[in-house]
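**Student:** Dropping the structure in here first, questions after.
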Amino acid sequence: MRHYRHLTPAQRRALFHREPADFGPASPVRTLGVALGATLYCPATRPRLAADVRKQAAAGVVSMVLCLEDSISDAEVEGAEENLVRQFQKLLSEPEDALPLLFVRVRVPEQITDLTHRLGPAIRLLTGYVLPKFTAASGPAFLEALTGAEVMCGRRLLAMPVLESPELLHLETRAEGLHAAARVVDKYRERIPAVRLGVTDFCSAYGLRRSPDMTAYDVHLVASVIADVVNVFGRADGTGYTVTGPVWEYFRAQERMFKPQLRNSPFSGRAEELRARLIEHDMDSLLQEIELDRANGLLGKTCIHPSHVAPVHALSVVTHEEFSDAVDIMGAGPEGGGVLRSAYTNKMNEVKPHRAWAARTLGRAEVFGVAREGVDFVDLLAAGIGVAA
């Protein structure tokens with residue numbers, strides 16, 4: 001699979017200086033962590049779940065979580081499990097590379113063992129499990145169940161812990177809680193493509209909910225815990241993991257979110273009429289949050305609506321300018337130093353301080369591609385949602 005594979009070859013050639021590379025469930029976990037992009041969550045109760053998965057794959061989604069946890073009620077769990085197994089059987093005729101990376105979000109460790117057994121041959125379509133409310137106390141049982149399930153089915157299964165418990169938020173327990181959770185995760189490093197943030201649960205602990213004109217970073221309590229999670233889990237010294245961005249919980253009821261309507265957006269240098277065709281109402285705050293995610297060390301995003309996927313991916317593509325700077329910095333060699341003038345003649349590139357940024361940027365370029373010079377976010381978004389620019 002690859003990002004933007006739903007576009008025609010001609011469209012990709014017009015957009016990309018370097019096209020996105022292929023990846024799949026067997027790729028290295030660090031590659032998969034970068035490649036996840038917009039991970040679309042879907043309740044496992046949906047009666048047309050298999051059709052939904054096919055539809056989203058055709059629209060450019062590369063990772064999905066089929067949820068048995070907070071998106072469904074306690075009374076629905078048994079039926080949701082049955083539906084999940086049944087819908088996976090309907091996908092058996094699909095080649096693996098035609099589907100997104102599929103994860104199941106469980107409630108308890110026992111579900112990992114049970115579902116792995118019940119899925120039978122369809123387990124080949126499952127990339128792994130999402131582990132809710134992960135802490136040093138709850139995490140080992142989930143991860144031990146995962147390794148046992150691997151032995152049962154004879155293939156690699158991945159895990160994405162979700163950090164969302166109050167003890168990881170409360171000031172008096174946060175530091176030790178995060179470090180203790182990290183020690184557990186480190187023992188299973190080769191099975192962890194990403195660590196996810198449960199910001200809605202963090203807000204719940206204080207009765208908070210951000211409005212659609214605010215980002216998560218406007219809620220200082222949330223911003224502080226994001227910073228601490230990145231501090232512990234997101235280091236660029238080889239010990240870190242991909243930490244994904246928080247969910248954006250607002251969307252339009254209409255099928256088309258991008259109908260013509262004049263709206264100022266700081267993310268496009270293009271004509272007003274083109275911006276108006278693409279950016280509507282509360283999308284400005286989503287775009288700002290995606291940019292702030294990356295500025296704060298996060299990559300990818302939890303999504304609960306298909307309309308959020310294209311903006312996340314468009315802002316994940318490496319710009320030609322970023323790529324040029326990163327190549328110059330890495331080209332100076334590990335023993336290099338000094339300052340290089342950017343080829344775009346608008347900044348300095350300090351070889352040693354910017355080297356980790358450059359390496360991370362080239363990793364993102366590998367899976368999301370590099371835009372052609374002059375191709376911007378609006379071009380990528382327009383192509384991603386099928387709107388002619």
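Following the order of the structure tokens, chains are lettered A, B, ..., residues in each are numbered from 1, and ligands are numbered from 1.
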Run DSSP on the backbone and tell me which residues of stretch 263-386 of chain A come out as strand (DSSP E); list them as a PDB file with all heavy atoms, in the first residue's frame.
**Tutor:**
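Saved file result08.pdb follows:
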ATOM      1  N   LYS A 301      -2.683  11.293  13.195  1.00  0.00           N
ATOM      2  CA  LYS A 301      -3.784  11.809  14.014  1.00  0.00           C
ATOM      3  C   LYS A 301      -4.886  10.765  14.131  1.00  0.00           C
ATOM      4  O   LYS A 301      -5.158  10.019  13.169  1.00  0.00           O
ATOM      5  CB  LYS A 301      -4.353  13.083  13.398  1.00  0.00           C
ATOM      6  CG  LYS A 301      -5.121  13.955  14.386  1.00  0.00           C
ATOM      7  CD  LYS A 301      -5.268  15.361  13.849  1.00  0.00           C
ATOM      8  CE  LYS A 301      -5.861  16.306  14.879  1.00  0.00           C
ATOM      9  NZ  LYS A 301      -4.956  16.503  16.039  1.00  0.00           N
ATOM     10  N   THR A 302      -5.506  10.717  15.293  1.00  0.00           N
ATOM     11  CA  THR A 302      -6.714   9.927  15.462  1.00  0.00           C
ATOM     12  C   THR A 302      -7.881  10.679  14.829  1.00  0.00           C
ATOM     13  O   THR A 302      -8.084  11.858  15.115  1.00  0.00           O
ATOM     14  CB  THR A 302      -7.004   9.691  16.954  1.00  0.00           C
ATOM     15  OG1 THR A 302      -5.950   8.904  17.500  1.00  0.00           O
ATOM     16  CG2 THR A 302      -8.329   8.984  17.162  1.00  0.00           C
ATOM     17  N   CYS A 303      -8.642  10.010  13.967  1.00  0.00           N
ATOM     18  CA  CYS A 303      -9.755  10.649  13.252  1.00  0.00           C
ATOM     19  C   CYS A 303     -11.026   9.846  13.454  1.00  0.00           C
ATOM     20  O   CYS A 303     -10.996   8.618  13.443  1.00  0.00           O
ATOM     21  CB  CYS A 303      -9.449  10.747  11.751  1.00  0.00           C
ATOM     22  SG  CYS A 303      -8.047  11.820  11.365  1.00  0.00           S
ATOM     23  N   VAL A 339      27.176  26.104   9.531  1.00  0.00           N
ATOM     24  CA  VAL A 339      25.898  26.630   9.081  1.00  0.00           C
ATOM     25  C   VAL A 339      25.868  26.633   7.566  1.00  0.00           C
ATOM     26  O   VAL A 339      26.826  27.045   6.906  1.00  0.00           O
ATOM     27  CB  VAL A 339      25.677  28.063   9.615  1.00  0.00           C
ATOM     28  CG1 VAL A 339      24.372  28.644   9.091  1.00  0.00           C
ATOM     29  CG2 VAL A 339      25.678  28.061  11.137  1.00  0.00           C
ATOM     30  N   LEU A 340      24.748  26.171   7.006  1.00  0.00           N
ATOM     31  CA  LEU A 340      24.542  26.185   5.562  1.00  0.00           C
ATOM     32  C   LEU A 340      23.402  27.141   5.242  1.00  0.00           C
ATOM     33  O   LEU A 340      22.392  27.160   5.950  1.00  0.00           O
ATOM     34  CB  LEU A 340      24.166  24.782   5.049  1.00  0.00           C
ATOM     35  CG  LEU A 340      25.109  23.628   5.378  1.00  0.00           C
ATOM     36  CD1 LEU A 340      24.476  22.318   4.927  1.00  0.00           C
ATOM     37  CD2 LEU A 340      26.452  23.832   4.681  1.00  0.00           C
ATOM     38  N   ARG A 341      23.542  27.896   4.193  1.00  0.00           N
ATOM     39  CA  ARG A 341      22.423  28.719   3.752  1.00  0.00           C
ATOM     40  C   ARG A 341      21.440  27.845   2.990  1.00  0.00           C
ATOM     41  O   ARG A 341      21.823  27.067   2.116  1.00  0.00           O
ATOM     42  CB  ARG A 341      22.910  29.860   2.845  1.00  0.00           C
ATOM     43  CG  ARG A 341      21.779  30.838   2.481  1.00  0.00           C
ATOM     44  CD  ARG A 341      22.272  32.007   1.660  1.00  0.00           C
ATOM     45  NE  ARG A 341      22.632  31.601   0.309  1.00  0.00           N
ATOM     46  CZ  ARG A 341      22.805  32.448  -0.701  1.00  0.00           C
ATOM     47  NH1 ARG A 341      22.676  33.742  -0.500  1.00  0.00           N
ATOM     48  NH2 ARG A 341      23.128  32.008  -1.896  1.00  0.00           N
ATOM     49  N   MET A 348      18.817  29.815   7.850  1.00  0.00           N
ATOM     50  CA  MET A 348      20.078  29.110   8.040  1.00  0.00           C
ATOM     51  C   MET A 348      19.781  27.687   8.475  1.00  0.00           C
ATOM     52  O   MET A 348      18.817  27.425   9.199  1.00  0.00           O
ATOM     53  CB  MET A 348      20.952  29.811   9.083  1.00  0.00           C
ATOM     54  CG  MET A 348      20.430  29.733  10.508  1.00  0.00           C
ATOM     55  SD  MET A 348      21.612  30.414  11.691  1.00  0.00           S
ATOM     56  CE  MET A 348      20.806  29.992  13.243  1.00  0.00           C
ATOM     57  N   ASN A 349      20.596  26.756   8.039  1.00  0.00           N
ATOM     58  CA  ASN A 349      20.507  25.370   8.457  1.00  0.00           C
ATOM     59  C   ASN A 349      21.767  25.033   9.245  1.00  0.00           C
ATOM     60  O   ASN A 349      22.853  24.932   8.676  1.00  0.00           O
ATOM     61  CB  ASN A 349      20.395  24.442   7.236  1.00  0.00           C
ATOM     62  CG  ASN A 349      19.072  24.584   6.520  1.00  0.00           C
ATOM     63  OD1 ASN A 349      18.034  24.723   7.161  1.00  0.00           O
ATOM     64  ND2 ASN A 349      19.098  24.559   5.195  1.00  0.00           N
ATOM     65  N   GLU A 350      21.621  24.888  10.558  1.00  0.00           N
ATOM     66  CA  GLU A 350      22.752  24.491  11.384  1.00  0.00           C
ATOM     67  C   GLU A 350      22.845  22.972  11.376  1.00  0.00           C
ATOM     68  O   GLU A 350      21.920  22.281  11.814  1.00  0.00           O
ATOM     69  CB  GLU A 350      22.578  25.006  12.810  1.00  0.00           C
ATOM     70  CG  GLU A 350      22.726  26.510  12.943  1.00  0.00           C
ATOM     71  CD  GLU A 350      22.866  26.929  14.397  1.00  0.00           C
ATOM     72  OE1 GLU A 350      23.916  26.624  14.994  1.00  0.00           O
ATOM     73  OE2 GLU A 350      21.918  27.523  14.915  1.00  0.00           O
ATOM     74  N   VAL A 370       7.342  13.769  -1.474  1.00  0.00           N
ATOM     75  CA  VAL A 370       7.833  15.150  -1.485  1.00  0.00           C
ATOM     76  C   VAL A 370       7.090  15.902  -2.579  1.00  0.00           C
ATOM     77  O   VAL A 370       7.040  15.456  -3.727  1.00  0.00           O
ATOM     78  CB  VAL A 370       9.344  15.202  -1.760  1.00  0.00           C
ATOM     79  CG1 VAL A 370       9.839  16.646  -1.800  1.00  0.00           C
ATOM     80  CG2 VAL A 370      10.112  14.388  -0.726  1.00  0.00           C
ATOM     81  N   ALA A 371       6.481  17.014  -2.224  1.00  0.00           N
ATOM     82  CA  ALA A 371       5.725  17.800  -3.200  1.00  0.00           C
ATOM     83  C   ALA A 371       6.665  18.452  -4.212  1.00  0.00           C
ATOM     84  O   ALA A 371       7.818  18.797  -3.897  1.00  0.00           O
ATOM     85  CB  ALA A 371       4.915  18.875  -2.491  1.00  0.00           C
TER      86      ALA A 371
END
**Student:** Show me, as a compact mmCIF listing (two decimals) with all heavy atoms, in the first residue's frame, the residues that have an atom within 9 Å of A:Arg196 when counting only C-alpha atoms, minus same-chain residues fewer than 5 positions from it.
**Tutor:**
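Saved as selection_6.txt:
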# COMPACT_ATOMS: atom_id res chain seq x y z
N VAL A 130 -5.19 -2.21 19.45
CA VAL A 130 -5.03 -0.95 20.18
C VAL A 130 -5.37 -1.22 21.64
O VAL A 130 -6.42 -1.82 21.94
CB VAL A 130 -5.93 0.15 19.59
CG1 VAL A 130 -5.87 1.41 20.44
CG2 VAL A 130 -5.50 0.46 18.16
N MET A 160 -0.71 -0.76 19.67
CA MET A 160 -0.64 0.68 19.87
C MET A 160 -1.26 1.02 21.22
O MET A 160 -2.48 1.02 21.37
CB MET A 160 -1.34 1.43 18.74
CG MET A 160 -0.61 1.32 17.41
SD MET A 160 -1.14 2.53 16.17
CE MET A 160 -2.78 1.89 15.75
N PRO A 161 -0.43 1.28 22.25
CA PRO A 161 -0.96 1.69 23.55
C PRO A 161 -1.58 3.09 23.45
O PRO A 161 -1.08 3.95 22.73
CB PRO A 161 0.28 1.72 24.45
CG PRO A 161 1.35 1.01 23.69
CD PRO A 161 1.03 1.18 22.24
N VAL A 162 -2.67 3.29 24.20
CA VAL A 162 -3.30 4.60 24.28
C VAL A 162 -3.08 5.15 25.68
O VAL A 162 -3.49 4.54 26.67
CB VAL A 162 -4.82 4.54 23.99
CG1 VAL A 162 -5.40 5.94 23.94
CG2 VAL A 162 -5.09 3.82 22.67
N LEU A 163 -2.42 6.30 25.76
CA LEU A 163 -2.19 6.96 27.04
C LEU A 163 -3.36 7.89 27.31
O LEU A 163 -3.51 8.91 26.62
CB LEU A 163 -0.86 7.73 27.00
CG LEU A 163 0.36 6.92 26.58
CD1 LEU A 163 1.60 7.81 26.59
CD2 LEU A 163 0.57 5.70 27.47
N GLU A 164 -4.19 7.55 28.29
CA GLU A 164 -5.40 8.33 28.52
C GLU A 164 -5.91 8.24 29.96
O GLU A 164 -6.97 8.78 30.28
CB GLU A 164 -6.52 7.87 27.57
CG GLU A 164 -6.81 6.37 27.63
CD GLU A 164 -7.74 5.90 26.53
OE1 GLU A 164 -8.42 6.73 25.90
OE2 GLU A 164 -7.79 4.67 26.29
N THR A 242 6.90 7.03 17.55
CA THR A 242 5.91 7.96 16.98
C THR A 242 4.81 8.16 18.01
O THR A 242 4.25 7.19 18.55
CB THR A 242 5.31 7.39 15.69
OG1 THR A 242 6.32 7.34 14.67
CG2 THR A 242 4.16 8.26 15.19
N VAL A 243 4.51 9.41 18.31
CA VAL A 243 3.36 9.75 19.17
C VAL A 243 2.34 10.43 18.27
O VAL A 243 2.66 11.42 17.59
CB VAL A 243 3.77 10.68 20.32
CG1 VAL A 243 2.57 11.00 21.20
CG2 VAL A 243 4.90 10.06 21.15
N THR A 244 1.13 9.92 18.21
CA THR A 244 0.14 10.42 17.27
C THR A 244 -0.68 11.55 17.88
O THR A 244 -0.83 11.65 19.09
CB THR A 244 -0.81 9.30 16.80
OG1 THR A 244 -1.53 8.79 17.92
CG2 THR A 244 -0.02 8.18 16.15
N GLY A 245 -1.22 12.39 17.01
CA GLY A 245 -1.98 13.56 17.43
C GLY A 245 -3.35 13.20 17.97
O GLY A 245 -3.92 12.15 17.65
N PRO A 246 -3.92 14.09 18.80
CA PRO A 246 -5.22 13.82 19.42
C PRO A 246 -6.36 13.89 18.42
O PRO A 246 -6.24 14.49 17.35
CB PRO A 246 -5.34 14.92 20.47
CG PRO A 246 -4.51 16.04 19.93
CD PRO A 246 -3.35 15.38 19.22
N LYS A 301 -2.68 11.29 13.20
CA LYS A 301 -3.78 11.81 14.01
C LYS A 301 -4.89 10.77 14.13
O LYS A 301 -5.16 10.02 13.17
CB LYS A 301 -4.35 13.08 13.40
CG LYS A 301 -5.12 13.96 14.39
CD LYS A 301 -5.27 15.36 13.85
CE LYS A 301 -5.86 16.31 14.88
NZ LYS A 301 -4.96 16.50 16.04
N THR A 302 -5.51 10.72 15.29
CA THR A 302 -6.71 9.93 15.46
C THR A 302 -7.88 10.68 14.83
O THR A 302 -8.08 11.86 15.12
CB THR A 302 -7.00 9.69 16.95
OG1 THR A 302 -5.95 8.90 17.50
CG2 THR A 302 -8.33 8.98 17.16
**Student:** Considering only C-alpha atoms, state which residue in the set A:Leu292, A:Val317, A:Leu91, A:Val108 is at the smallest distance from A:Phe368.
**Tutor:**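 So, comparing all the options, the nearest one is A:Val317.
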**Student:** Which residues are close to A:Ala44, i.e. within 12 Å by only C-alpha atoms, leaving aside same-chain residues fewer than 4 positions away? Reply as number ranges by chain.
**Tutor:** A: 48-50, 52-53, 64-73, 76-88, 102-106
**Student:** Pick the closest to A:Gly363 from A:Ala14, A:Val34, A:Met330, A:Ala314: which is it, counting only C-alpha atoms?
**Tutor:**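 Among the listed residues, A:Val34 lies closest to A:Gly363.
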**Student:** What does the distance between atom CA of A:Thr215 and atom CA of A:Ser285 come to in Å, to one decimal place?
**Tutor:**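 One can read the atom CA of A:Thr215 to atom CA of A:Ser285 distance as 6.1 Å.
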